[in-house]
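Enquirer: Mind looking over this structure? Questions follow.
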Amino acid sequence: MSDVPVTPAPGRWSDILYGWRDRLLASRRFQVLAARFPLTRGVSARRARACFDLCAGFVYSQVLFACVKLDLFELLARRPRAIPEIAEAVGLPPDSARRLVLAAVSLDLLQQRGPGRYGLGQLGAAMRANPGVKAMIEHHAMFYADMADPVALLRGQRGDTELARYWPYAGDRHPASLEPGEVNAYTDLMAASQPFVADDVLDAYPVARHRRIMDVGGGDGSFLRAVASRAPQAELVLFDLPAVVAAAAPRFAAAGLAARVTLVPGSFSHDALPRGADLVTLVRVAHDHGDDTVAALLRAAYAALEPGGTLLIAEPMAGDAGSAPMADAYFGFYLLAMGHGRARRPDELIAMLARAGFTEARQISTPRPLLSGLIQARRPTI
Ligand SMILES: C[S@@+](CC[C@H](N)C(=O)[O-])C[C@H]1O[C@@H](n2cnc3c(N)ncnc32)[C@H](O)[C@@H]1O
């Protein structure tokens, strides 16, 4: 089965119209007129800005990376400071500190708070509130290195990528043979970014009525621990690779949940899933894998569920204009560098669920689709 979705060929007339539009937008005379004419001036300025942002986006990302690496948001959250003080605290020459601060102000990461004093900007304040964002930005150093030559990446000429090493279960080795040292970094990254995902998913789908809930590929159990407080009567089952499950055990114990959880080490590509759950969750799992692996995983989840049980798939999804840059650009290249998988549209996942035997598959809206979309499906009762 192909991993590449087929889109219908555009009609001939629309090609002609788009061709005319493209020639118009490329015409220097049109660009000059549009920039001067009062009714098109605003649109023209926004388009020019969008083009510039696309060209400069990698610099913006690296300004953010420098702020995070130097802990600038933490420093300025305590109180606004002047450049010499910032320079000393982060260990930069004053001119470099000023350059970084001005760049960060221009991106709304920082804000000028009076003559020569700087504090957090709106985006810096929001990012600081989410420890998962900091961890994500730091790990982007690997993605940035892998993207240095995107054409080589597309041609498959990059060889061993940094992200493939970071997410080794996507490679050719048997995933159950991975050692703790190979899974701990990604497990901690997922745990740091999980709370916001869990809040959105569990607000959108109330789990309280379920009695045995299995999270497959559940990492260190952060999602299940959030489930535990929403479904206080439910038994919990965590299925993940042996080295990941080993890291999860002390975290359940620390949360006082050791007695409620069954930890099952294994590989869903090689081992059967334990049976008897009335809710199975796949949170940020399917998009890491190719279609054949996901199809087999859905069949395994179906077999593991009781008749009448529910499957939830929660992950960022492709398909709507608002999330297209995230799904098709960010995840498109991230998963290429990692070696497997793709962000799927809800209708693709729903079709895969139907092929695995599920019924009543439907999308449930979530407050922040950039963090996670959500699909629910049922194993029929007979
Ligand atoms: C992107 S992480 C998501 C973790 C967690 N669900 C979350 O959202 O924070 C994918 C998880 O799937 C697990 N995984 C990948 N391949 C697996 C396999 N073949 N069998 C079991 N778990 C697997 C990984 O170990 C990892 O914990």
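Identifiers for the structure tokens are assigned positionally: chains receive A, B, ... in sequence, residues are indexed from 1 per chain, and ligands are indexed from 1 in the order shown.
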Run DSSP on the backbone and give me the residues of range 98-310 of chain A it puts in helix (DSSP H, G or I), as a PyMOL selection string.
Expert: chain A and resi 98-106+122-128+131-146+150-154+162-166+168-170+175-177+180-204+222-230+242-254+258-260+286-288+291-304
Enquirer: Which residues are near Val151 in chain A? Cut-off 12 Å, only C-alpha atoms, ignore same chain within fewer than 5 positions. Put them as a PDB file with C-alpha atoms, in the first residue's frame.
Expert:
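The file below, out25.pdb, is the result:
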ATOM      1  CA  ASP A 146      19.165  17.288   9.133  1.00  0.00           C
ATOM      2  CA  GLY A 156      17.506   9.978   0.509  1.00  0.00           C
ATOM      3  CA  GLN A 157      21.175  10.998   0.329  1.00  0.00           C
ATOM      4  CA  ARG A 158      21.508  12.271   3.904  1.00  0.00           C
ATOM      5  CA  PHE A 333      10.012  16.927   6.740  1.00  0.00           C
ATOM      6  CA  LEU A 336      11.143  12.205   6.511  1.00  0.00           C
ATOM      7  CA  ALA A 337      14.267  12.971   8.578  1.00  0.00           C
TER       8      ALA A 337
END
Enquirer: Please identify which residues in range 75-123 of chain A DSSP calls strand (DSSP E or B) from the backbone, and express them as a list in words.
Expert: Arg81, Ala82, Leu110, Gln111, Gln112, Arg117, Tyr118, Gly119 and Leu120 of chain A
Enquirer: Kindly compile the residues surrounding ligand 1 within 7 Å, counting only C-alpha atoms and all ligand atoms, and format them as a short mmCIF file (atom, residue, chain, number, x, y, z; two decimals) with N, CA and C atoms, in the first residue's frame.
Expert:
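What landed in out.cif:
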data_model
loop_
_atom_site.label_atom_id
_atom_site.label_comp_id
_atom_site.auth_asym_id
_atom_site.auth_seq_id
_atom_site.Cartn_x
_atom_site.Cartn_y
_atom_site.Cartn_z
N TYR A 169 13.29 3.67 17.21
CA TYR A 169 12.29 2.65 16.88
C TYR A 169 11.81 2.76 15.44
N ALA A 170 12.09 3.91 14.81
CA ALA A 170 11.68 4.07 13.42
C ALA A 170 12.65 3.39 12.46
N PRO A 175 12.60 -3.08 17.56
CA PRO A 175 12.46 -1.99 18.54
C PRO A 175 12.52 -2.47 19.98
N VAL A 183 16.30 5.24 24.49
CA VAL A 183 14.89 5.68 24.49
C VAL A 183 14.62 6.80 25.50
N THR A 187 11.72 9.74 25.40
CA THR A 187 10.65 9.52 26.39
C THR A 187 10.46 10.76 27.26
N MET A 190 8.77 13.54 25.21
CA MET A 190 7.32 13.31 25.08
C MET A 190 6.61 13.62 26.39
N ALA A 191 7.22 13.23 27.51
CA ALA A 191 6.59 13.49 28.81
C ALA A 191 6.46 15.00 29.04
N SER A 193 6.08 17.32 26.86
CA SER A 193 5.09 17.97 25.99
C SER A 193 3.70 17.34 26.14
N GLN A 194 3.55 16.34 27.00
CA GLN A 194 2.29 15.60 27.08
C GLN A 194 1.16 16.35 27.82
N VAL A 216 -1.49 2.53 24.18
CA VAL A 216 -0.49 1.79 23.40
C VAL A 216 0.54 2.78 22.87
N GLY A 217 1.82 2.50 23.10
CA GLY A 217 2.87 3.47 22.76
C GLY A 217 2.77 4.65 23.73
N GLY A 218 2.45 4.32 24.98
CA GLY A 218 2.11 5.37 25.97
C GLY A 218 3.30 6.02 26.65
N GLY A 219 4.52 5.73 26.19
CA GLY A 219 5.69 6.42 26.73
C GLY A 219 5.84 6.19 28.23
N SER A 222 2.67 9.42 31.11
CA SER A 222 2.12 10.75 31.47
C SER A 222 0.65 10.86 31.08
N PHE A 223 0.30 10.35 29.89
CA PHE A 223 -1.11 10.45 29.46
C PHE A 223 -2.00 9.62 30.39
N PHE A 239 1.22 -0.03 27.38
CA PHE A 239 1.99 -0.92 26.48
C PHE A 239 3.02 -0.06 25.76
N ASP A 240 4.28 -0.43 25.89
CA ASP A 240 5.33 0.27 25.13
C ASP A 240 6.54 -0.64 25.08
N LEU A 241 7.60 -0.17 24.47
CA LEU A 241 8.83 -0.96 24.35
C LEU A 241 9.39 -1.24 25.75
N VAL A 244 11.19 1.54 27.59
CA VAL A 244 10.31 2.68 27.91
C VAL A 244 9.44 2.34 29.12
N GLY A 266 6.61 -4.65 25.21
CA GLY A 266 6.51 -5.39 23.95
C GLY A 266 6.59 -4.45 22.77
N SER A 267 6.56 -5.04 21.58
CA SER A 267 6.51 -4.25 20.36
C SER A 267 5.19 -4.54 19.67
N PHE A 268 4.41 -3.49 19.39
CA PHE A 268 3.10 -3.75 18.76
C PHE A 268 3.26 -4.27 17.34
N SER A 269 4.46 -4.16 16.77
CA SER A 269 4.68 -4.73 15.43
C SER A 269 5.01 -6.21 15.50
N LEU A 282 -4.29 5.65 21.23
CA LEU A 282 -3.04 5.77 20.47
C LEU A 282 -2.75 7.27 20.39
N VAL A 283 -1.86 7.73 21.25
CA VAL A 283 -1.61 9.17 21.33
C VAL A 283 -0.24 9.47 20.71
N ARG A 284 -0.24 10.19 19.61
CA ARG A 284 0.99 10.58 18.89
C ARG A 284 1.81 9.33 18.53
N VAL A 285 1.12 8.30 18.07
CA VAL A 285 1.79 7.05 17.72
C VAL A 285 1.69 6.76 16.21
N ASP A 288 3.95 8.24 13.36
CA ASP A 288 5.37 7.86 13.29
C ASP A 288 5.61 6.69 12.34
#
Enquirer: Work out how far apart CA of Thr161 in chain A and CA of His139 in chain A are and give it in Å to one decimal.
Expert: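 Spanning CA of Thr161 in chain A to CA of His139 in chain A is a straight-line distance of 13.4 Å.
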Enquirer: Any idea what's packed within 10 Å of Arg260 in chain A, counting only C-alpha atoms, ignoring anything in its chain fewer than 6 positions away? Could you give it as an MDAnalysis selection string?
Expert: chainID A and resid 228 232:237 252:253
Enquirer: Limited to N, CA and C atoms, could you put the picked residues into a file as a compact mmCIF listing (two decimals), in the first residue's frame?
Expert:
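Resulting contents of result.txt:
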# COMPACT_ATOMS: atom_id res chain seq x y z
N ALA A 228 -5.94 8.81 34.81
CA ALA A 228 -6.26 8.24 36.13
C ALA A 228 -7.12 9.19 36.95
N PRO A 232 -11.39 7.69 37.87
CA PRO A 232 -10.77 7.20 39.11
C PRO A 232 -11.01 5.72 39.36
N GLN A 233 -12.03 5.13 38.70
CA GLN A 233 -12.31 3.71 38.94
C GLN A 233 -11.59 2.80 37.94
N ALA A 234 -11.03 3.36 36.89
CA ALA A 234 -10.55 2.51 35.78
C ALA A 234 -9.23 1.84 36.11
N GLU A 235 -9.08 0.60 35.59
CA GLU A 235 -7.76 -0.04 35.58
C GLU A 235 -7.00 0.56 34.41
N LEU A 236 -5.69 0.67 34.57
CA LEU A 236 -4.86 1.28 33.51
C LEU A 236 -3.88 0.24 32.98
N VAL A 237 -3.66 0.26 31.67
CA VAL A 237 -2.67 -0.64 31.07
C VAL A 237 -1.77 0.21 30.17
N PHE A 252 4.88 5.84 37.87
CA PHE A 252 3.56 5.45 38.39
C PHE A 252 3.63 5.27 39.91
N ALA A 253 4.74 4.67 40.37
CA ALA A 253 4.89 4.47 41.81
C ALA A 253 4.90 5.83 42.52
Enquirer: I'd like the interatomic distance between CA of Ala125 in chain A and CA of Ala97 in chain A, to a tenth of an Å.
Expert: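 Distance between the two atoms: 19.1 Å.
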Enquirer: Taking only C-alpha atoms into account, name the residue in A:Ala318, A:Ala48, A:Ala295, A:Ile364 that is nearest to Ala351 in chain A.
Expert: A:Ala295
Enquirer: Can you pull out the residues contacting Pro346 in chain A? Cut-off 9 Å, using only C-alpha atoms, and skip same-chain residues under 4 positions away; I want them as an NGL selection string.
Expert: :A and (317-319 or 350-351 or 362-363 or 373-375)
Enquirer: Find the residues around Leu102 in chain A up to 12 Å (only C-alpha atoms counted), leave out those fewer than 3 positions away in its own chain, and share them as a ChimeraX atom specification.
Expert: /A:63,67,83,95-99,105-112,116-119,121
Enquirer: Mind writing the picked residues with C-alpha atoms as a tab-separated table (two decimals), in the first residue's frame?
Expert:
chain	number	residue	atom	x	y	z
A	63	VAL	CA	16.91	33.52	17.48
A	67	CYS	CA	16.94	32.64	23.77
A	83	ILE	CA	21.38	45.06	28.39
A	95	ASP	CA	26.92	44.10	21.73
A	96	SER	CA	25.88	40.50	21.12
A	97	ALA	CA	23.36	40.62	23.95
A	98	ARG	CA	21.85	43.79	22.45
A	99	ARG	CA	21.68	42.15	19.00
A	105	VAL	CA	11.84	42.06	20.59
A	106	SER	CA	11.15	42.21	16.84
A	107	LEU	CA	9.65	38.69	17.08
A	108	ASP	CA	7.51	39.51	20.17
A	109	LEU	CA	9.55	37.08	22.25
A	110	LEU	CA	10.77	39.99	24.38
A	111	GLN	CA	9.39	43.48	24.95
A	112	GLN	CA	10.97	46.82	25.71
A	116	GLY	CA	16.98	50.35	27.94
A	117	ARG	CA	15.03	47.74	29.94
A	118	TYR	CA	13.62	44.50	28.55
A	119	GLY	CA	11.12	41.91	29.78
A	121	GLY	CA	7.08	39.62	25.13
Enquirer: Got a sec: who's within 7 Å of Val207 in chain A, counting only C-alpha atoms, leaving out chain neighbours fewer than 3 positions off, as a ChimeraX atom specification?
Expert: /A:202,210,230-231
Enquirer: Based on the selection just made, write N, CA and C atoms of those residues as a JSON list (two decimals), in the first residue's frame.
Expert:
[["chain", "number", "residue", "atom", "x", "y", "z"],
["A", 202, "LEU", "N", -8.56, 14.88, 26.77],
["A", 202, "LEU", "CA", -9.47, 14.40, 27.82],
["A", 202, "LEU", "C", -10.62, 15.37, 28.06],
["A", 210, "HIS", "N", -15.22, 4.54, 31.25],
["A", 210, "HIS", "CA", -14.47, 3.32, 30.89],
["A", 210, "HIS", "C", -13.90, 2.64, 32.14],
["A", 230, "ARG", "N", -9.18, 11.43, 35.76],
["A", 230, "ARG", "CA", -10.50, 11.64, 35.13],
["A", 230, "ARG", "C", -11.36, 10.37, 35.19],
["A", 231, "ALA", "N", -10.73, 9.21, 35.36],
["A", 231, "ALA", "CA", -11.48, 7.95, 35.44],
["A", 231, "ALA", "C", -10.99, 7.21, 36.67]]
Enquirer: Residues within 7 Å of range 302-314 of chain A, please, as a list in words. Count only C-alpha atoms; anything in the same chain fewer than 6 positions from it doesn't count.
Expert: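 Surrounding residues, per the criterion: Leu273, Pro274, Arg275, Gly276, Ala277, Asp278, Leu279, Val280, Thr281, Leu282, Val283, Arg284, Ser372, Gly373, Leu374, Ile375, Gln376, Ala377, Arg378, Arg379, Pro380, Thr381 and Ile382 of chain A.
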Enquirer: Could you dump the residues just selected with N, CA and C atoms as a PDB file, in the first residue's frame?
Expert:
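Saved as selection17.pdb:
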ATOM      1  N   LEU A 273      -1.334  -7.415  21.505  1.00  0.00           N
ATOM      2  CA  LEU A 273      -1.675  -6.502  22.598  1.00  0.00           C
ATOM      3  C   LEU A 273      -2.540  -7.266  23.602  1.00  0.00           C
ATOM      4  N   PRO A 274      -2.408  -6.935  24.912  1.00  0.00           N
ATOM      5  CA  PRO A 274      -3.260  -7.603  25.894  1.00  0.00           C
ATOM      6  C   PRO A 274      -4.730  -7.325  25.621  1.00  0.00           C
ATOM      7  N   ARG A 275      -5.591  -8.308  25.877  1.00  0.00           N
ATOM      8  CA  ARG A 275      -7.025  -8.169  25.547  1.00  0.00           C
ATOM      9  C   ARG A 275      -7.805  -7.605  26.723  1.00  0.00           C
ATOM     10  N   GLY A 276      -9.046  -7.202  26.457  1.00  0.00           N
ATOM     11  CA  GLY A 276      -9.988  -6.886  27.527  1.00  0.00           C
ATOM     12  C   GLY A 276     -10.168  -5.419  27.838  1.00  0.00           C
ATOM     13  N   ALA A 277      -9.523  -4.519  27.095  1.00  0.00           N
ATOM     14  CA  ALA A 277      -9.732  -3.086  27.361  1.00  0.00           C
ATOM     15  C   ALA A 277     -11.074  -2.657  26.756  1.00  0.00           C
ATOM     16  N   ASP A 278     -11.754  -1.702  27.405  1.00  0.00           N
ATOM     17  CA  ASP A 278     -12.927  -1.119  26.739  1.00  0.00           C
ATOM     18  C   ASP A 278     -12.594   0.250  26.149  1.00  0.00           C
ATOM     19  N   LEU A 279     -11.358   0.708  26.362  1.00  0.00           N
ATOM     20  CA  LEU A 279     -10.859   1.905  25.657  1.00  0.00           C
ATOM     21  C   LEU A 279      -9.375   1.686  25.366  1.00  0.00           C
ATOM     22  N   VAL A 280      -9.006   1.816  24.081  1.00  0.00           N
ATOM     23  CA  VAL A 280      -7.588   1.793  23.685  1.00  0.00           C
ATOM     24  C   VAL A 280      -7.255   3.171  23.131  1.00  0.00           C
ATOM     25  N   THR A 281      -6.120   3.725  23.570  1.00  0.00           N
ATOM     26  CA  THR A 281      -5.720   5.045  23.061  1.00  0.00           C
ATOM     27  C   THR A 281      -4.383   4.933  22.330  1.00  0.00           C
ATOM     28  N   LEU A 282      -4.290   5.654  21.235  1.00  0.00           N
ATOM     29  CA  LEU A 282      -3.042   5.773  20.467  1.00  0.00           C
ATOM     30  C   LEU A 282      -2.745   7.266  20.394  1.00  0.00           C
ATOM     31  N   VAL A 283      -1.865   7.730  21.250  1.00  0.00           N
ATOM     32  CA  VAL A 283      -1.611   9.174  21.333  1.00  0.00           C
ATOM     33  C   VAL A 283      -0.244   9.470  20.710  1.00  0.00           C
ATOM     34  N   ARG A 284      -0.241  10.192  19.606  1.00  0.00           N
ATOM     35  CA  ARG A 284       0.991  10.579  18.894  1.00  0.00           C
ATOM     36  C   ARG A 284       1.806   9.329  18.525  1.00  0.00           C
ATOM     37  N   SER A 372      -3.131  18.475  18.866  1.00  0.00           N
ATOM     38  CA  SER A 372      -3.686  17.146  18.607  1.00  0.00           C
ATOM     39  C   SER A 372      -5.078  17.230  18.002  1.00  0.00           C
ATOM     40  N   GLY A 373      -5.292  16.441  16.961  1.00  0.00           N
ATOM     41  CA  GLY A 373      -6.637  16.146  16.485  1.00  0.00           C
ATOM     42  C   GLY A 373      -7.107  14.895  17.231  1.00  0.00           C
ATOM     43  N   LEU A 374      -8.367  14.505  17.007  1.00  0.00           N
ATOM     44  CA  LEU A 374      -8.889  13.350  17.747  1.00  0.00           C
ATOM     45  C   LEU A 374      -9.912  12.611  16.889  1.00  0.00           C
ATOM     46  N   ILE A 375      -9.770  11.273  16.857  1.00  0.00           N
ATOM     47  CA  ILE A 375     -10.746  10.430  16.160  1.00  0.00           C
ATOM     48  C   ILE A 375     -11.171   9.312  17.099  1.00  0.00           C
ATOM     49  N   GLN A 376     -12.467   9.070  17.094  1.00  0.00           N
ATOM     50  CA  GLN A 376     -13.048   8.008  17.926  1.00  0.00           C
ATOM     51  C   GLN A 376     -13.644   6.964  16.996  1.00  0.00           C
ATOM     52  N   ALA A 377     -13.499   5.677  17.355  1.00  0.00           N
ATOM     53  CA  ALA A 377     -14.140   4.612  16.565  1.00  0.00           C
ATOM     54  C   ALA A 377     -14.537   3.487  17.515  1.00  0.00           C
ATOM     55  N   ARG A 378     -15.467   2.622  17.052  1.00  0.00           N
ATOM     56  CA  ARG A 378     -15.968   1.574  17.932  1.00  0.00           C
ATOM     57  C   ARG A 378     -15.767   0.194  17.334  1.00  0.00           C
ATOM     58  N   ARG A 379     -15.405  -0.757  18.176  1.00  0.00           N
ATOM     59  CA  ARG A 379     -15.464  -2.150  17.731  1.00  0.00           C
ATOM     60  C   ARG A 379     -16.931  -2.574  17.888  1.00  0.00           C
ATOM     61  N   PRO A 380     -17.573  -3.053  16.811  1.00  0.00           N
ATOM     62  CA  PRO A 380     -18.994  -3.397  16.930  1.00  0.00           C
ATOM     63  C   PRO A 380     -19.215  -4.486  17.965  1.00  0.00           C
ATOM     64  N   THR A 381     -20.459  -4.525  18.491  1.00  0.00           N
ATOM     65  CA  THR A 381     -20.730  -5.488  19.566  1.00  0.00           C
ATOM     66  C   THR A 381     -20.804  -6.917  19.048  1.00  0.00           C
ATOM     67  N   ILE A 382     -21.185  -7.117  17.778  1.00  0.00           N
ATOM     68  CA  ILE A 382     -21.181  -8.498  17.253  1.00  0.00           C
ATOM     69  C   ILE A 382     -20.294  -8.560  16.004  1.00  0.00           C
TER      70      ILE A 382
END
Enquirer: What does the distance from CA of Arg345 in chain A to CA of Asp199 in chain A come to in Å, to one decimal?
Expert: 22.1 Å
Enquirer: Measuring between only C-alpha atoms, which one of A:Ala176, A:Asp347, A:Ala104, A:Ala249 shows the shortest distance to Val59 in chain A?
Expert: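 Going through A:Ala176, A:Asp347, A:Ala104, A:Ala249 one by one, the smallest distance to Val59 in chain A is for A:Ala104.
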